[in-house]
$ cat start10.cif   # mmCIF, C-alpha atoms
data_start
loop_
_atom_site.label_atom_id
_atom_site.label_comp_id
_atom_site.auth_asym_id
_atom_site.auth_seq_id
_atom_site.Cartn_x
_atom_site.Cartn_y
_atom_site.Cartn_z
CA MET A 249 52.74 -53.36 -13.12
CA LYS A 250 53.04 -51.28 -9.95
CA ARG A 251 54.35 -48.34 -11.96
CA PHE A 252 51.43 -48.71 -14.37
CA SER A 253 48.93 -48.71 -11.48
CA LEU A 254 50.61 -45.69 -9.91
CA ALA A 255 50.41 -43.83 -13.22
CA ILE A 256 46.68 -44.53 -13.43
CA VAL A 257 46.17 -43.22 -9.88
CA ILE A 258 48.11 -40.04 -10.69
CA LEU A 259 46.05 -39.49 -13.84
CA VAL A 260 42.81 -39.96 -11.90
CA ILE A 261 43.94 -37.42 -9.27
CA ILE A 262 44.95 -34.91 -11.95
CA ALA A 263 41.64 -35.38 -13.74
CA SER A 264 39.75 -34.92 -10.49
CA CYS A 265 41.61 -31.71 -9.64
CA SER A 266 41.11 -30.41 -13.17
CA ASN A 267 37.40 -31.15 -12.97
CA LYS A 268 37.07 -29.23 -9.68
CA GLU A 269 38.91 -26.29 -11.20
CA LYS A 270 36.63 -26.29 -14.24
CA PHE A 271 33.48 -26.84 -12.19
CA PRO A 272 34.06 -24.93 -8.93
CA GLU A 273 32.22 -26.23 -5.90
CA TYR A 274 29.55 -24.22 -4.11
CA VAL A 275 30.91 -22.01 -1.34
CA THR A 276 27.51 -21.37 0.25
CA LEU A 277 24.15 -23.06 -0.14
CA PRO A 278 20.59 -21.76 0.09
CA VAL A 279 18.61 -22.96 3.07
CA SER A 280 15.60 -25.00 2.04
CA GLN A 281 12.31 -23.25 2.66
CA ASN A 282 11.52 -25.81 5.32
CA GLY A 283 14.54 -24.56 7.25
CA VAL A 284 13.64 -20.88 7.21
CA LYS A 285 10.59 -19.44 8.91
CA PHE A 286 9.34 -15.97 8.03
CA SER A 287 7.55 -13.59 10.32
CA ALA A 288 4.29 -12.07 9.08
CA GLU A 289 5.87 -8.60 8.82
CA THR A 290 7.94 -9.70 5.83
CA LYS A 291 5.17 -9.03 3.35
CA GLY A 292 5.17 -5.39 4.36
CA LEU A 293 8.91 -5.04 3.86
CA ILE A 294 9.23 -6.61 0.43
CA LYS A 295 7.39 -4.67 -2.22
CA THR A 296 5.20 -6.28 -4.83
CA GLY A 297 3.43 -4.64 -7.70
CA VAL A 298 2.92 -4.71 -11.42
CA ALA A 299 5.62 -2.99 -13.42
CA GLU A 300 4.24 -0.49 -15.91
CA PHE A 301 7.03 -0.80 -18.41
CA GLY A 302 8.52 -3.26 -20.82
CA ASN A 303 7.25 -6.50 -22.25
CA PRO A 304 6.66 -9.25 -19.66
CA GLY A 305 8.21 -11.74 -22.05
CA ALA A 306 11.15 -9.57 -23.07
CA ARG A 307 14.57 -11.20 -22.97
CA PHE A 308 18.09 -10.15 -23.80
CA ASP A 309 20.98 -12.09 -25.31
CA GLU A 310 23.25 -11.98 -22.27
CA LEU A 311 20.62 -13.63 -20.08
CA ASP A 312 20.10 -16.41 -22.63
CA SER A 313 23.85 -17.05 -22.68
CA LEU A 314 23.97 -16.96 -18.88
CA LEU A 315 21.19 -19.55 -18.61
CA ALA A 316 22.87 -21.76 -21.21
CA PHE A 317 26.18 -21.77 -19.31
CA GLN A 318 24.36 -22.40 -16.05
CA GLN A 319 22.89 -25.55 -17.58
CA MET A 320 26.35 -26.57 -18.81
CA TYR A 321 27.61 -26.38 -15.23
CA LEU A 322 24.74 -28.46 -13.87
CA LYS A 323 25.29 -31.09 -16.58
CA LYS A 324 29.10 -30.93 -16.20
CA ASP A 325 29.35 -30.13 -19.89
CA LYS A 326 32.99 -29.76 -20.99
CA ARG A 327 32.12 -26.58 -22.86
CA PHE A 328 31.44 -24.83 -19.56
CA ASP A 329 33.69 -21.87 -18.79
CA PHE A 330 33.34 -20.26 -15.36
CA LEU A 331 34.92 -16.97 -16.43
CA LYS A 332 32.48 -16.73 -19.33
CA LEU A 333 29.59 -17.40 -16.96
CA GLN A 334 30.68 -14.45 -14.81
CA SER A 335 31.27 -12.34 -17.91
CA PHE A 336 27.75 -12.99 -19.22
CA TRP A 337 26.31 -11.95 -15.86
CA GLN A 338 28.32 -8.72 -15.84
CA LYS A 339 27.27 -7.88 -19.40
CA ALA A 340 23.64 -8.55 -18.52
CA LYS A 341 23.98 -6.33 -15.45
CA GLU A 342 25.21 -3.49 -17.66
CA ASP A 343 22.49 -3.97 -20.29
CA PRO A 344 19.93 -1.10 -20.17
CA GLN A 345 17.16 -3.64 -20.84
CA LEU A 346 17.74 -5.05 -17.36
CA GLU A 347 15.85 -2.11 -15.86
CA ASN A 348 12.72 -3.14 -17.77
CA ILE A 349 12.55 -6.85 -17.04
CA GLN A 350 9.60 -8.42 -15.31
CA GLY A 351 7.69 -11.68 -15.19
CA GLU A 352 9.56 -14.86 -16.04
CA THR A 353 12.64 -12.95 -17.20
CA ALA A 354 12.98 -11.27 -13.80
CA LYS A 355 12.66 -14.62 -12.02
CA GLN A 356 15.34 -16.18 -14.24
CA TRP A 357 17.66 -13.24 -13.62
CA PHE A 358 17.13 -13.55 -9.87
CA ARG A 359 17.82 -17.30 -9.89
CA SER A 360 20.92 -16.93 -12.07
CA THR A 361 22.25 -14.25 -9.75
CA GLY A 362 21.62 -16.53 -6.78
CA PHE A 363 23.39 -19.36 -8.57
CA LEU A 364 26.53 -17.25 -9.02
CA PHE A 365 26.33 -16.22 -5.38
CA GLN A 366 26.39 -19.89 -4.40
CA LEU A 367 29.52 -20.45 -6.49
CA THR A 368 31.44 -17.36 -5.44
CA GLY A 369 30.02 -15.89 -2.24
CA GLU A 370 30.73 -12.46 -3.75
CA MET A 371 28.82 -9.44 -2.46
CA GLN A 372 27.65 -8.06 -5.80
CA TYR A 373 25.17 -10.90 -6.21
CA PRO A 374 23.11 -10.53 -3.00
CA ARG A 375 23.19 -6.76 -3.60
CA GLU A 376 21.50 -7.27 -6.98
CA MET A 377 19.04 -9.79 -5.51
CA GLU A 378 18.08 -7.29 -2.81
CA ARG A 379 17.55 -4.58 -5.42
CA LEU A 380 15.23 -6.87 -7.36
CA ALA A 381 13.31 -7.96 -4.28
CA ARG A 382 12.57 -4.38 -3.27
CA SER A 383 11.99 -2.98 -6.76
CA GLY A 384 8.30 -3.86 -7.00
CA ILE A 385 8.65 -5.82 -10.26
CA PHE A 386 7.17 -8.99 -8.76
CA SER A 387 3.38 -8.93 -8.58
CA ASP A 388 2.92 -12.01 -6.39
CA SER A 389 4.19 -11.90 -2.79
CA GLU A 390 4.23 -15.71 -2.50
CA GLU A 391 6.27 -15.93 -5.69
CA LEU A 392 8.74 -13.39 -4.34
CA ASP A 393 8.94 -15.20 -1.00
CA SER A 394 9.79 -18.43 -2.82
CA LEU A 395 12.67 -16.68 -4.59
CA ILE A 396 14.24 -14.83 -1.68
CA THR A 397 13.52 -17.21 1.23
CA PRO A 398 16.37 -19.66 0.47
CA TYR A 399 18.90 -16.82 0.38
CA VAL A 400 18.05 -14.78 3.49
CA PHE A 401 20.31 -17.22 5.31
CA THR A 402 22.77 -19.44 3.46
CA LYS A 403 25.01 -22.01 5.08
CA ASP A 404 27.81 -24.47 4.62
CA VAL A 405 27.80 -27.00 7.48
CA ASP A 406 28.04 -24.69 10.54
CA HIS A 407 28.97 -21.53 8.65
CA VAL A 408 25.82 -19.40 8.53
CA SER A 409 25.57 -16.25 6.40
CA VAL A 410 23.00 -13.51 6.94
CA ASN A 411 22.52 -11.99 3.49
CA PHE A 412 19.24 -10.09 3.72
CA PHE A 413 17.65 -8.20 6.56
CA LEU A 414 14.10 -9.43 7.05
CA PRO A 415 12.14 -10.79 10.02
CA SER A 416 12.99 -14.47 9.63
CA GLU A 417 14.31 -17.51 11.41
CA ILE A 418 16.65 -20.34 10.46
CA SER A 419 16.39 -23.68 12.25
CA TYR A 420 18.76 -26.57 11.64
CA GLU A 421 20.63 -29.43 13.30
CA HIS A 422 24.24 -28.65 14.23
CA SER A 423 26.84 -30.98 12.69
CA LEU A 424 27.80 -32.17 16.19
CA GLY A 425 24.19 -32.55 17.27
CA GLY A 426 21.66 -30.26 18.87
CA ALA A 427 19.02 -27.96 17.41
CA VAL A 428 20.05 -24.44 16.43
CA SER A 429 17.70 -21.53 15.81
CA ILE A 430 18.73 -18.02 14.78
CA LYS A 431 15.90 -15.49 14.71
CA GLN A 432 16.33 -12.21 12.88
CA VAL A 433 14.33 -9.35 14.38
CA THR A 434 14.20 -6.12 12.37
CA ASN A 435 12.00 -3.65 10.54
CA PHE A 436 14.77 -2.72 8.09
CA PRO A 437 14.83 -0.46 6.08
CA GLU A 438 12.52 1.67 8.25
CA SER A 439 15.32 1.52 10.81
CA GLY A 440 18.89 0.27 10.73
CA SER A 441 18.55 -2.04 13.74
CA VAL A 442 18.87 -5.80 13.30
CA ARG A 443 18.99 -8.41 16.08
CA LEU A 444 20.03 -12.04 15.74
CA ASN A 445 18.66 -14.05 18.68
CA PHE A 446 20.18 -17.49 19.28
CA SER A 447 18.29 -20.46 20.67
CA MET A 448 20.48 -23.52 21.29
CA GLU A 449 19.99 -26.93 22.86
CA ILE A 450 23.74 -27.23 23.43
CA LYS A 451 26.55 -24.67 23.37
CA ARG A 452 28.05 -24.99 19.88
CA TYR A 453 30.68 -23.37 17.66
CA ILE A 454 29.23 -21.56 14.65
CA GLU A 455 30.79 -19.08 12.25
CA VAL A 456 28.30 -16.32 11.52
CA PHE A 457 28.82 -14.08 8.49
CA VAL A 458 26.82 -10.83 8.45
CA ARG A 459 26.65 -8.98 5.14
CA ILE A 460 27.71 -5.35 5.46
CA PRO A 461 26.33 -3.53 2.39
CA VAL A 462 28.59 -1.21 0.41
CA TRP A 463 26.64 1.84 1.59
CA ALA A 464 26.89 0.94 5.30
CA GLU A 465 29.92 2.99 6.33
CA GLY A 466 29.84 3.23 10.11
CA ALA A 467 27.87 0.01 10.67
CA SER A 468 28.24 -1.60 14.08
CA VAL A 469 28.16 -5.32 14.94
CA MET A 470 28.33 -6.25 18.62
CA VAL A 471 27.99 -9.33 20.83
CA LYS A 472 27.91 -8.80 24.60
CA GLY A 473 29.56 -5.41 24.27
CA VAL A 474 32.35 -6.72 22.03
CA LYS A 475 32.49 -4.88 18.72
CA TYR A 476 33.43 -6.90 15.64
CA PHE A 477 35.21 -5.52 12.60
CA SER A 478 32.77 -4.59 9.85
CA HIS A 479 33.77 -3.15 6.50
CA PRO A 480 31.32 -2.04 3.79
CA GLY A 481 31.14 -4.46 0.90
CA SER A 482 32.23 -7.49 2.93
CA TYR A 483 31.05 -9.91 5.58
CA CYS A 484 31.56 -9.35 9.28
CA ILE A 485 32.68 -12.70 10.70
CA ILE A 486 31.77 -13.76 14.22
CA ALA A 487 33.32 -17.13 15.02
CA LYS A 488 32.58 -18.39 18.51
CA LYS A 489 30.71 -20.86 20.66
CA TRP A 490 27.10 -19.77 20.98
CA LYS A 491 24.63 -20.57 23.70
CA GLU A 492 20.96 -20.04 24.48
CA GLY A 493 20.09 -16.36 24.72
CA ASP A 494 23.10 -14.97 22.83
CA VAL A 495 22.33 -11.90 20.70
CA VAL A 496 24.10 -10.18 17.82
CA GLU A 497 23.29 -6.47 17.70
CA ILE A 498 23.67 -4.87 14.28
CA GLU A 499 23.22 -1.17 13.65
CA PHE A 500 23.24 0.35 10.18
CA PRO A 501 23.32 4.16 9.86
CA THR A 502 19.72 4.97 8.91
CA GLU A 503 20.69 8.12 7.04
CA LYS A 504 22.84 6.07 4.67
CA ILE A 505 20.21 3.50 3.71
CA PRO A 506 19.69 4.00 -0.06
CA GLU A 507 16.36 5.35 -1.28
CA TYR A 508 15.85 2.38 -3.60
CA LEU A 509 15.60 0.19 -0.50
CA LYS A 510 13.14 2.53 1.22
CA ASN A 511 10.78 3.24 -1.68
#
$ encode --input "start10.cif" --output "structure tokens"
Amino acid sequence: MKRFSLAIVILVIIASCSNKEKFPEYVTLPVSQNGVKFSAETKGLIKTGVAEFGNPGARFDELDSLLAFQQMYLKKDKRFDFLKLQSFWQKAKEDPQLENIQGETAKQWFRSTGFLFQLTGEMQYPREMERLARSGIFSDSEELDSLITPYVFTKDVDHVSVNFFLPSEISYEHSLGGAVSIKQVTNFPESGSVRLNFSMEIKRYIEVFVRIPVWAEGASVMVKGVKYFSHPGSYCIIAKKWKEGDVVEIEFPTEKIPEYLKN
């Protein structure tokens, strides 16, 4: 009887591990809009407009497949295949029709890209989201804010990622107690300067991940004169105890900021 019970336990553990492998857990999570405050200057930094090309309702097969597999993941459907999900995204990214999307199709593409970012934490996804946000294909600034706001900062417990450079502020309760506020001060892409100002009730340990775009060769990330390693196409990690008044100083080489971000 004991052997039988042990066998059942082993089977349950194996099934659980297999399920996690098939349905990978999120590595980073969007911050709810209630947790992120935006400064008024944001609307001047994210372009809106009406695209003059394509059909607002136009779709393409890869996006339909991507959305279908996304639903399979959410429903824990056994037909879900994570590698296929990534493959559909890559094929959609390479599809020439992607340059002409707008309206609901553009929103679905943005959300699907954000979904894959949550699952992988890979840099290609926020890079594509940033391109979309600054492309002018969204005609409604409030609509665009609702899409990008949750991803400016993402977090997992006390690991906070800075993915986009916009005047904004994240406020949350530290896992050990005490309010935390990180305010991002910048007018990027007009300049390459970004400041992260910390406001803390209690000195707390937080791991901060700053996205260093692929074009940002020569970027500098400093805290109190200490320079942290930053490599294009990765996250600069600053793991330390933070206190009230701490500042992260980020400098991107202005001359290397791509034109598609400036226009």
$ closest_residue --input "start10.cif" --among "A:Arg327, A:Arg459, A:Lys355, A:His407" --to "Phe477 in chain A" --atoms "all atoms listed in the file"
A:Arg459
$ residues_around --input "start10.cif" --residues "Ser335 in chain A" --least-positions-apart "3" --cutoff "12 Å" --atoms "only C-alpha atoms" --output "VMD selection string"
chain A and resid 310 to 311 313 to 314 317 329 to 332 338 to 342 364
$ closest_residue --input "start10.cif" --among "A:Val410, A:Leu509, A:Ile498, A:Val458" --to "Val279 in chain A" --atoms "only C-alpha atoms"
A:Val410
$ closest_residue --input "start10.cif" --among "A:Glu347, A:Pro272, A:Gly283, A:Ile505" --to "Glu421 in chain A" --atoms "all atoms listed in the file"
A:Gly283
$ atom_distance --input "start10.cif" --atom1 "CA of Pro398 in chain A" --atom2 "CA of Gln372 in chain A"
17.4 Å
$ residues_around --input "start10.cif" --residues "Lys491 in chain A" --least-positions-apart "5" --cutoff "10 Å" --atoms "all atoms listed in the file" --output "PyMOL selection string"
chain A and resi 428+446-453
$ write_last_selection --input "start10.cif" --atoms "C-alpha atoms" --output "PDB file, in the coordinates of the input"
ATOM      1  CA  VAL A 428      20.050 -24.440  16.430  1.00  0.00           C
ATOM      2  CA  PHE A 446      20.180 -17.490  19.280  1.00  0.00           C
ATOM      3  CA  SER A 447      18.290 -20.460  20.670  1.00  0.00           C
ATOM      4  CA  MET A 448      20.480 -23.520  21.290  1.00  0.00           C
ATOM      5  CA  GLU A 449      19.990 -26.930  22.860  1.00  0.00           C
ATOM      6  CA  ILE A 450      23.740 -27.230  23.430  1.00  0.00           C
ATOM      7  CA  LYS A 451      26.550 -24.670  23.370  1.00  0.00           C
ATOM      8  CA  ARG A 452      28.050 -24.990  19.880  1.00  0.00           C
ATOM      9  CA  TYR A 453      30.680 -23.370  17.660  1.00  0.00           C
TER      10      TYR A 453
END
$ resolve_selection --input "start10.cif" --expression "the PyMOL selection byres ((chain A and resi 468) around 10)" --output "PDB file with C-alpha atoms, in the frame of the given file"
ATOM      1  CA  SER A 441      18.550  -2.040  13.740  1.00  0.00           C
ATOM      2  CA  ILE A 460      27.710  -5.350   5.460  1.00  0.00           C
ATOM      3  CA  ALA A 464      26.890   0.940   5.300  1.00  0.00           C
ATOM      4  CA  GLU A 465      29.920   2.990   6.330  1.00  0.00           C
ATOM      5  CA  GLY A 466      29.840   3.230  10.110  1.00  0.00           C
ATOM      6  CA  ALA A 467      27.870   0.010  10.670  1.00  0.00           C
ATOM      7  CA  VAL A 469      28.160  -5.320  14.940  1.00  0.00           C
ATOM      8  CA  MET A 470      28.330  -6.250  18.620  1.00  0.00           C
ATOM      9  CA  LYS A 475      32.490  -4.880  18.720  1.00  0.00           C
ATOM     10  CA  TYR A 476      33.430  -6.900  15.640  1.00  0.00           C
ATOM     11  CA  PHE A 477      35.210  -5.520  12.600  1.00  0.00           C
ATOM     12  CA  SER A 478      32.770  -4.590   9.850  1.00  0.00           C
ATOM     13  CA  HIS A 479      33.770  -3.150   6.500  1.00  0.00           C
ATOM     14  CA  CYS A 484      31.560  -9.350   9.280  1.00  0.00           C
ATOM     15  CA  GLU A 497      23.290  -6.470  17.700  1.00  0.00           C
ATOM     16  CA  ILE A 498      23.670  -4.870  14.280  1.00  0.00           C
ATOM     17  CA  GLU A 499      23.220  -1.170  13.650  1.00  0.00           C
ATOM     18  CA  PHE A 500      23.240   0.350  10.180  1.00  0.00           C
ATOM     19  CA  PRO A 501      23.320   4.160   9.860  1.00  0.00           C
TER      20      PRO A 501
END
$ atom_distance --input "start10.cif" --atom1 "CA of Val442 in chain A" --atom2 "CA of Arg382 in chain A"
17.8 Å
$ residues_near_point --input "start10.cif" --point "(29.7, -14.1, 17.9)" --cutoff "9 Å" --atoms "all atoms listed in the file" --output "list of chain:residue names"
A:Ile454, A:Glu455, A:Val456, A:Met470, A:Val471, A:Lys472, A:Val474, A:Tyr476, A:Ile485, A:Ile486, A:Ala487, A:Lys488, A:Lys489, A:Trp490, A:Asp494, A:Val495, A:Val496
$ write_last_selection --input "start10.cif" --atoms "C-alpha atoms" --output "PDB file, in the frame of the given file"
ATOM      1  CA  ILE A 454      29.230 -21.560  14.650  1.00  0.00           C
ATOM      2  CA  GLU A 455      30.790 -19.080  12.250  1.00  0.00           C
ATOM      3  CA  VAL A 456      28.300 -16.320  11.520  1.00  0.00           C
ATOM      4  CA  MET A 470      28.330  -6.250  18.620  1.00  0.00           C
ATOM      5  CA  VAL A 471      27.990  -9.330  20.830  1.00  0.00           C
ATOM      6  CA  LYS A 472      27.910  -8.800  24.600  1.00  0.00           C
ATOM      7  CA  VAL A 474      32.350  -6.720  22.030  1.00  0.00           C
ATOM      8  CA  TYR A 476      33.430  -6.900  15.640  1.00  0.00           C
ATOM      9  CA  ILE A 485      32.680 -12.700  10.700  1.00  0.00           C
ATOM     10  CA  ILE A 486      31.770 -13.760  14.220  1.00  0.00           C
ATOM     11  CA  ALA A 487      33.320 -17.130  15.020  1.00  0.00           C
ATOM     12  CA  LYS A 488      32.580 -18.390  18.510  1.00  0.00           C
ATOM     13  CA  LYS A 489      30.710 -20.860  20.660  1.00  0.00           C
ATOM     14  CA  TRP A 490      27.100 -19.770  20.980  1.00  0.00           C
ATOM     15  CA  ASP A 494      23.100 -14.970  22.830  1.00  0.00           C
ATOM     16  CA  VAL A 495      22.330 -11.900  20.700  1.00  0.00           C
ATOM     17  CA  VAL A 496      24.100 -10.180  17.820  1.00  0.00           C
TER      18      VAL A 496
END
$ resolve_selection --input "start10.cif" --expression "the PyMOL selection byres ((chain A and resi 346) around 12)" --output "number ranges by chain"
A: 301-303, 306-311, 337-345, 347-350, 353-354, 356-358, 376, 379-380, 385
$ atom_distance --input "start10.cif" --atom1 "CA of Thr361 in chain A" --atom2 "CA of Phe412 in chain A"
14.4 Å
$ closest_residue --input "start10.cif" --among "A:Thr434, A:Thr276, A:Ser383, A:Ser423" --to "Leu367 in chain A" --atoms "all atoms listed in the file"
A:Thr276
$ resolve_selection --input "start10.cif" --expression "the PyMOL selection byres ((chain A and resi 417) around 10)" --output "VMD selection string"
chain A and resid 283 to 287 400 to 401 414 to 416 418 to 419 429 to 433 444 to 446
$ closest_residue --input "start10.cif" --among "A:Asp393, A:Glu370, A:Asp388, A:Asp406" --to "Gly481 in chain A" --atoms "only C-alpha atoms"
A:Glu370
$ decode --input "start10.cif" --residues "range 449-483 of chain A" --atoms "C-alpha atoms" --output "PDB file, in the first residue's frame"
ATOM      1  CA  GLU A 449       9.622  54.406   3.656  1.00  0.00           C
ATOM      2  CA  ILE A 450      12.218  51.845   4.731  1.00  0.00           C
ATOM      3  CA  LYS A 451      15.584  50.859   3.287  1.00  0.00           C
ATOM      4  CA  ARG A 452      14.857  47.769   1.187  1.00  0.00           C
ATOM      5  CA  TYR A 453      16.591  45.356  -1.190  1.00  0.00           C
ATOM      6  CA  ILE A 454      15.335  45.583  -4.771  1.00  0.00           C
ATOM      7  CA  GLU A 455      16.779  44.223  -7.994  1.00  0.00           C
ATOM      8  CA  VAL A 456      16.406  46.829 -10.720  1.00  0.00           C
ATOM      9  CA  PHE A 457      16.726  45.787 -14.369  1.00  0.00           C
ATOM     10  CA  VAL A 458      17.279  48.611 -16.869  1.00  0.00           C
ATOM     11  CA  ARG A 459      16.780  47.758 -20.538  1.00  0.00           C
ATOM     12  CA  ILE A 460      19.775  48.708 -22.664  1.00  0.00           C
ATOM     13  CA  PRO A 461      18.548  48.852 -26.284  1.00  0.00           C
ATOM     14  CA  VAL A 462      20.548  47.143 -29.016  1.00  0.00           C
ATOM     15  CA  TRP A 463      21.563  50.498 -30.498  1.00  0.00           C
ATOM     16  CA  ALA A 464      22.863  51.911 -27.180  1.00  0.00           C
ATOM     17  CA  GLU A 465      26.566  51.128 -27.472  1.00  0.00           C
ATOM     18  CA  GLY A 466      28.344  53.304 -24.932  1.00  0.00           C
ATOM     19  CA  ALA A 467      25.373  53.668 -22.575  1.00  0.00           C
ATOM     20  CA  SER A 468      26.195  54.531 -18.975  1.00  0.00           C
ATOM     21  CA  VAL A 469      24.327  53.455 -15.822  1.00  0.00           C
ATOM     22  CA  MET A 470      25.537  54.900 -12.520  1.00  0.00           C
ATOM     23  CA  VAL A 471      24.473  55.011  -8.867  1.00  0.00           C
ATOM     24  CA  LYS A 472      26.418  57.317  -6.531  1.00  0.00           C
ATOM     25  CA  GLY A 473      29.380  57.381  -8.888  1.00  0.00           C
ATOM     26  CA  VAL A 474      29.487  53.591  -9.251  1.00  0.00           C
ATOM     27  CA  LYS A 475      29.184  52.506 -12.871  1.00  0.00           C
ATOM     28  CA  TYR A 476      27.251  49.314 -13.585  1.00  0.00           C
ATOM     29  CA  PHE A 477      27.906  46.987 -16.485  1.00  0.00           C
ATOM     30  CA  SER A 478      25.586  47.690 -19.402  1.00  0.00           C
ATOM     31  CA  HIS A 479      25.615  45.785 -22.666  1.00  0.00           C
ATOM     32  CA  PRO A 480      23.413  46.605 -25.678  1.00  0.00           C
ATOM     33  CA  GLY A 481      20.568  44.152 -26.115  1.00  0.00           C
ATOM     34  CA  SER A 482      20.423  43.144 -22.453  1.00  0.00           C
ATOM     35  CA  TYR A 483      19.378  44.389 -19.035  1.00  0.00           C
TER      36      TYR A 483
END
